[in-house]
file input.txt (compact mmCIF, N, CA and C atoms)
# COMPACT_ATOMS: atom_id res chain seq x y z
N MET A 1 98.57 -9.97 -12.38
CA MET A 1 97.32 -9.24 -12.28
C MET A 1 96.81 -8.85 -13.67
N ILE A 2 97.72 -8.45 -14.55
CA ILE A 2 97.31 -8.08 -15.90
C ILE A 2 96.76 -9.30 -16.63
N LYS A 3 97.41 -10.42 -16.46
CA LYS A 3 96.97 -11.66 -17.09
C LYS A 3 95.57 -12.03 -16.61
N THR A 4 95.31 -11.83 -15.33
CA THR A 4 94.00 -12.12 -14.77
C THR A 4 92.93 -11.23 -15.38
N SER A 5 93.22 -9.94 -15.55
CA SER A 5 92.24 -9.04 -16.15
C SER A 5 91.96 -9.43 -17.59
N SER A 6 92.96 -9.91 -18.28
CA SER A 6 92.77 -10.37 -19.65
C SER A 6 91.89 -11.62 -19.69
N GLU A 7 92.15 -12.54 -18.77
CA GLU A 7 91.35 -13.77 -18.72
C GLU A 7 89.90 -13.50 -18.34
N ARG A 8 89.68 -12.59 -17.41
CA ARG A 8 88.33 -12.30 -16.93
C ARG A 8 87.48 -11.56 -17.96
N THR A 9 88.11 -10.72 -18.76
CA THR A 9 87.35 -9.89 -19.70
C THR A 9 87.37 -10.42 -21.13
N GLY A 10 88.35 -11.22 -21.46
CA GLY A 10 88.49 -11.70 -22.83
C GLY A 10 89.22 -10.71 -23.73
N ALA A 11 89.61 -9.58 -23.19
CA ALA A 11 90.34 -8.58 -23.96
C ALA A 11 91.82 -8.94 -23.97
N LYS A 12 92.51 -8.58 -25.04
CA LYS A 12 93.94 -8.82 -25.14
C LYS A 12 94.68 -7.61 -24.59
N VAL A 13 95.53 -7.86 -23.59
CA VAL A 13 96.29 -6.79 -22.95
C VAL A 13 97.76 -7.02 -23.25
N ASN A 14 98.43 -5.97 -23.75
CA ASN A 14 99.84 -6.06 -24.08
C ASN A 14 100.58 -4.90 -23.42
N ILE A 15 101.66 -5.23 -22.69
CA ILE A 15 102.47 -4.21 -22.05
C ILE A 15 103.87 -4.26 -22.64
N GLU A 16 104.31 -3.13 -23.18
CA GLU A 16 105.63 -3.03 -23.78
C GLU A 16 106.69 -2.79 -22.70
N ASP A 17 107.96 -2.96 -23.08
CA ASP A 17 109.06 -2.74 -22.15
C ASP A 17 109.14 -1.30 -21.64
N ASP A 18 108.66 -0.34 -22.44
CA ASP A 18 108.70 1.06 -22.02
C ASP A 18 107.52 1.45 -21.14
N GLY A 19 106.63 0.48 -20.83
CA GLY A 19 105.48 0.73 -19.96
C GLY A 19 104.20 1.03 -20.70
N THR A 20 104.26 1.14 -22.02
CA THR A 20 103.07 1.40 -22.81
C THR A 20 102.15 0.19 -22.74
N CYS A 21 100.87 0.44 -22.50
CA CYS A 21 99.88 -0.63 -22.38
C CYS A 21 98.83 -0.45 -23.47
N SER A 22 98.50 -1.56 -24.15
CA SER A 22 97.44 -1.51 -25.15
C SER A 22 96.42 -2.60 -24.84
N VAL A 23 95.15 -2.28 -25.09
CA VAL A 23 94.05 -3.20 -24.84
C VAL A 23 93.27 -3.33 -26.14
N ALA A 24 93.02 -4.58 -26.55
CA ALA A 24 92.28 -4.83 -27.78
C ALA A 24 91.17 -5.84 -27.52
N SER A 25 90.00 -5.57 -28.11
CA SER A 25 88.87 -6.49 -27.97
C SER A 25 87.83 -6.16 -29.02
N ASN A 26 87.06 -7.17 -29.43
CA ASN A 26 85.95 -6.95 -30.34
C ASN A 26 84.73 -6.41 -29.58
N ASP A 27 84.76 -6.53 -28.27
CA ASP A 27 83.66 -6.10 -27.42
C ASP A 27 84.09 -4.85 -26.65
N ALA A 28 83.43 -3.73 -26.91
CA ALA A 28 83.80 -2.46 -26.28
C ALA A 28 83.63 -2.53 -24.76
N GLU A 29 82.61 -3.23 -24.30
CA GLU A 29 82.38 -3.36 -22.86
C GLU A 29 83.52 -4.14 -22.19
N ALA A 30 83.98 -5.20 -22.84
CA ALA A 30 85.09 -5.99 -22.29
C ALA A 30 86.37 -5.16 -22.26
N ALA A 31 86.60 -4.37 -23.30
CA ALA A 31 87.79 -3.51 -23.33
C ALA A 31 87.72 -2.47 -22.23
N ALA A 32 86.56 -1.86 -22.03
CA ALA A 32 86.40 -0.85 -20.98
C ALA A 32 86.61 -1.47 -19.60
N LYS A 33 86.12 -2.69 -19.40
CA LYS A 33 86.29 -3.37 -18.12
C LYS A 33 87.76 -3.69 -17.87
N ALA A 34 88.47 -4.14 -18.91
CA ALA A 34 89.90 -4.44 -18.78
C ALA A 34 90.69 -3.17 -18.46
N ILE A 35 90.36 -2.07 -19.12
CA ILE A 35 91.03 -0.80 -18.86
C ILE A 35 90.79 -0.36 -17.42
N GLN A 36 89.55 -0.50 -16.94
CA GLN A 36 89.24 -0.12 -15.56
C GLN A 36 90.00 -0.98 -14.57
N MET A 37 90.13 -2.28 -14.84
CA MET A 37 90.87 -3.17 -13.95
C MET A 37 92.34 -2.77 -13.89
N ILE A 38 92.91 -2.42 -15.03
CA ILE A 38 94.32 -2.00 -15.09
C ILE A 38 94.50 -0.68 -14.34
N GLN A 39 93.58 0.26 -14.52
CA GLN A 39 93.67 1.54 -13.82
C GLN A 39 93.57 1.35 -12.32
N ASN A 40 92.76 0.40 -11.86
CA ASN A 40 92.66 0.12 -10.43
C ASN A 40 93.97 -0.44 -9.88
N ILE A 41 94.68 -1.21 -10.69
CA ILE A 41 95.95 -1.80 -10.26
C ILE A 41 97.02 -0.72 -10.10
N ILE A 42 97.07 0.21 -11.03
CA ILE A 42 98.14 1.20 -11.03
C ILE A 42 97.76 2.51 -10.33
N ALA A 43 96.53 2.59 -9.83
CA ALA A 43 96.06 3.82 -9.19
C ALA A 43 96.89 4.17 -7.97
N VAL A 44 96.99 5.45 -7.70
CA VAL A 44 97.71 5.97 -6.54
C VAL A 44 96.69 6.70 -5.66
N VAL A 45 96.72 6.43 -4.38
CA VAL A 45 95.81 7.09 -3.44
C VAL A 45 96.15 8.57 -3.39
N GLU A 46 95.13 9.42 -3.51
CA GLU A 46 95.31 10.87 -3.50
C GLU A 46 94.96 11.44 -2.13
N VAL A 47 95.81 12.32 -1.63
CA VAL A 47 95.57 12.99 -0.35
C VAL A 47 94.34 13.88 -0.49
N GLY A 48 93.44 13.81 0.47
CA GLY A 48 92.26 14.65 0.48
C GLY A 48 91.06 14.03 -0.22
N LYS A 49 91.23 12.97 -0.96
CA LYS A 49 90.14 12.30 -1.65
C LYS A 49 89.49 11.30 -0.69
N THR A 50 88.17 11.16 -0.77
CA THR A 50 87.45 10.25 0.10
C THR A 50 87.33 8.88 -0.56
N TYR A 51 87.67 7.85 0.20
CA TYR A 51 87.59 6.47 -0.27
C TYR A 51 86.71 5.66 0.67
N THR A 52 86.04 4.67 0.15
CA THR A 52 85.29 3.74 0.97
C THR A 52 85.83 2.35 0.72
N GLY A 53 85.80 1.51 1.74
CA GLY A 53 86.30 0.16 1.58
C GLY A 53 86.11 -0.63 2.86
N PRO A 54 86.42 -1.91 2.79
CA PRO A 54 86.24 -2.77 3.97
C PRO A 54 87.35 -2.57 5.00
N VAL A 55 87.01 -2.77 6.26
CA VAL A 55 88.00 -2.72 7.33
C VAL A 55 88.83 -4.00 7.26
N LYS A 56 90.13 -3.85 7.14
CA LYS A 56 91.03 -5.00 7.03
C LYS A 56 91.59 -5.40 8.39
N LYS A 57 91.89 -4.41 9.24
CA LYS A 57 92.50 -4.69 10.53
C LYS A 57 92.21 -3.52 11.47
N ILE A 58 91.94 -3.85 12.75
CA ILE A 58 91.71 -2.83 13.76
C ILE A 58 92.87 -2.86 14.74
N THR A 59 93.41 -1.69 15.07
CA THR A 59 94.52 -1.57 16.01
C THR A 59 94.14 -0.57 17.10
N ASP A 60 95.02 -0.37 18.06
CA ASP A 60 94.76 0.58 19.14
C ASP A 60 94.70 2.02 18.64
N PHE A 61 95.34 2.32 17.54
CA PHE A 61 95.41 3.70 17.05
C PHE A 61 94.51 3.97 15.84
N GLY A 62 93.75 2.97 15.40
CA GLY A 62 92.84 3.19 14.29
C GLY A 62 92.51 1.91 13.55
N ALA A 63 92.14 2.05 12.29
CA ALA A 63 91.77 0.91 11.48
C ALA A 63 92.41 1.02 10.10
N PHE A 64 92.81 -0.11 9.56
CA PHE A 64 93.32 -0.15 8.20
C PHE A 64 92.17 -0.50 7.27
N ILE A 65 91.97 0.34 6.27
CA ILE A 65 90.86 0.22 5.34
C ILE A 65 91.39 -0.11 3.96
N GLY A 66 90.76 -1.05 3.25
CA GLY A 66 91.12 -1.36 1.87
C GLY A 66 90.56 -0.29 0.96
N VAL A 67 91.40 0.64 0.50
CA VAL A 67 90.92 1.75 -0.32
C VAL A 67 91.02 1.46 -1.81
N LEU A 68 91.99 0.68 -2.22
CA LEU A 68 92.14 0.25 -3.61
C LEU A 68 92.43 -1.24 -3.57
N PRO A 69 92.27 -1.94 -4.68
CA PRO A 69 92.47 -3.39 -4.67
C PRO A 69 93.81 -3.84 -4.08
N SER A 70 94.84 -3.06 -4.24
CA SER A 70 96.15 -3.49 -3.74
C SER A 70 96.73 -2.53 -2.70
N GLN A 71 95.90 -1.64 -2.16
CA GLN A 71 96.41 -0.65 -1.21
C GLN A 71 95.46 -0.47 -0.03
N ASP A 72 96.04 -0.38 1.16
CA ASP A 72 95.28 -0.10 2.37
C ASP A 72 95.64 1.28 2.88
N GLY A 73 94.72 1.89 3.61
CA GLY A 73 94.98 3.18 4.20
C GLY A 73 94.63 3.14 5.68
N LEU A 74 95.26 4.02 6.46
CA LEU A 74 95.00 4.08 7.90
C LEU A 74 93.95 5.14 8.19
N LEU A 75 92.90 4.72 8.88
CA LEU A 75 91.90 5.65 9.40
C LEU A 75 92.22 5.82 10.87
N HIS A 76 92.77 6.98 11.24
CA HIS A 76 93.19 7.24 12.61
C HIS A 76 91.97 7.24 13.53
N ILE A 77 92.18 6.77 14.76
CA ILE A 77 91.08 6.67 15.72
C ILE A 77 90.37 8.01 15.94
N SER A 78 91.10 9.11 15.81
CA SER A 78 90.51 10.44 16.00
C SER A 78 89.57 10.82 14.86
N GLU A 79 89.63 10.12 13.74
CA GLU A 79 88.80 10.42 12.58
C GLU A 79 87.59 9.49 12.44
N ILE A 80 87.47 8.51 13.34
CA ILE A 80 86.39 7.52 13.21
C ILE A 80 85.05 8.12 13.58
N SER A 81 85.02 8.96 14.61
CA SER A 81 83.76 9.51 15.10
C SER A 81 84.00 10.89 15.69
N TYR A 82 82.94 11.69 15.77
CA TYR A 82 83.04 12.99 16.44
C TYR A 82 83.05 12.80 17.96
N ASP A 83 82.50 11.67 18.43
CA ASP A 83 82.48 11.35 19.85
C ASP A 83 83.73 10.55 20.20
N ARG A 84 83.97 10.39 21.49
CA ARG A 84 85.12 9.63 21.95
C ARG A 84 84.97 8.16 21.57
N VAL A 85 86.04 7.60 21.05
CA VAL A 85 86.07 6.18 20.73
C VAL A 85 87.00 5.50 21.72
N ASN A 86 86.48 4.54 22.47
CA ASN A 86 87.29 3.85 23.45
C ASN A 86 88.25 2.90 22.76
N LYS A 87 89.30 2.55 23.49
CA LYS A 87 90.24 1.55 22.95
C LYS A 87 89.48 0.26 22.71
N ARG A 88 89.99 -0.53 21.79
CA ARG A 88 89.33 -1.79 21.52
C ARG A 88 89.45 -2.71 22.72
N VAL A 89 88.51 -3.58 22.86
CA VAL A 89 88.46 -4.49 24.01
C VAL A 89 89.24 -5.75 23.74

call {"tool": "encode", "arguments": {"input": "input.txt", "output": "structure tokens"}}
result
Amino acid sequence: MIKTSSERTGAKVNIEDDGTCSVASNDAEAAAKAIQMIQNIIAVVEVGKTYTGPVKKITDFGAFIGVLPSQDGLLHISEISYDRVNKRV
């Protein structure tokens, strides 16, 4: 994933054995985009924060939503609507 962000932005991304990450580029916009891509990869979903994303899968008890590029979250059926939601057909 890091290699892909480097290829897409043209920025040089280096990760050390201790986890330190450095991004270098002659273009500030490319560097900022590479940093944002890396932050999206390592981001952790926070409890209480609102996320939007595509529905990945619907089940009897709710829906799985893509909240981050590599993470899905469960939207419980009781949270989908204020009105009653019938089981899926």

call {"tool": "closest_residue", "arguments": {"input": "input.txt", "among": "A:Val45, A:Ala28, A:Ala34, A:Leu68", "to": "Val13 in chain A", "atoms": "all atoms listed in the file"}}
result
A:Ala34

call {"tool": "closest_residue", "arguments": {"input": "input.txt", "among": "A:Gly53, A:Ser25, A:Asn40, A:Asp60", "to": "Gly73 in chain A", "atoms": "only C-alpha atoms"}}
result
A:Gly53

call {"tool": "atom_distance", "arguments": {"input": "input.txt", "atom1": "CA of Cys21 in chain A", "atom2": "CA of Gln71 in chain A"}}
result
21.5 Å

call {"tool": "atom_distance", "arguments": {"input": "input.txt", "atom1": "CA of Ser6 in chain A", "atom2": "CA of Thr52 in chain A"}}
result
26.1 Å

call {"tool": "select_by_dssp", "arguments": {"input": "input.txt", "residues": "range 18-85 of chain A", "states": "alpha helix (DSSP H)", "output": "ChimeraX atom specification"}}
result
/A:28-42

call {"tool": "closest_residue", "arguments": {"input": "input.txt", "among": "A:Ile77, A:Ala11, A:Met1, A:Ile58", "to": "Glu29 in chain A", "atoms": "only C-alpha atoms"}}
result
A:Ala11

call {"tool": "atom_distance", "arguments": {"input": "input.txt", "atom1": "CA of Ser70 in chain A", "atom2": "CA of Thr9 in chain A"}}
result
19.3 Å
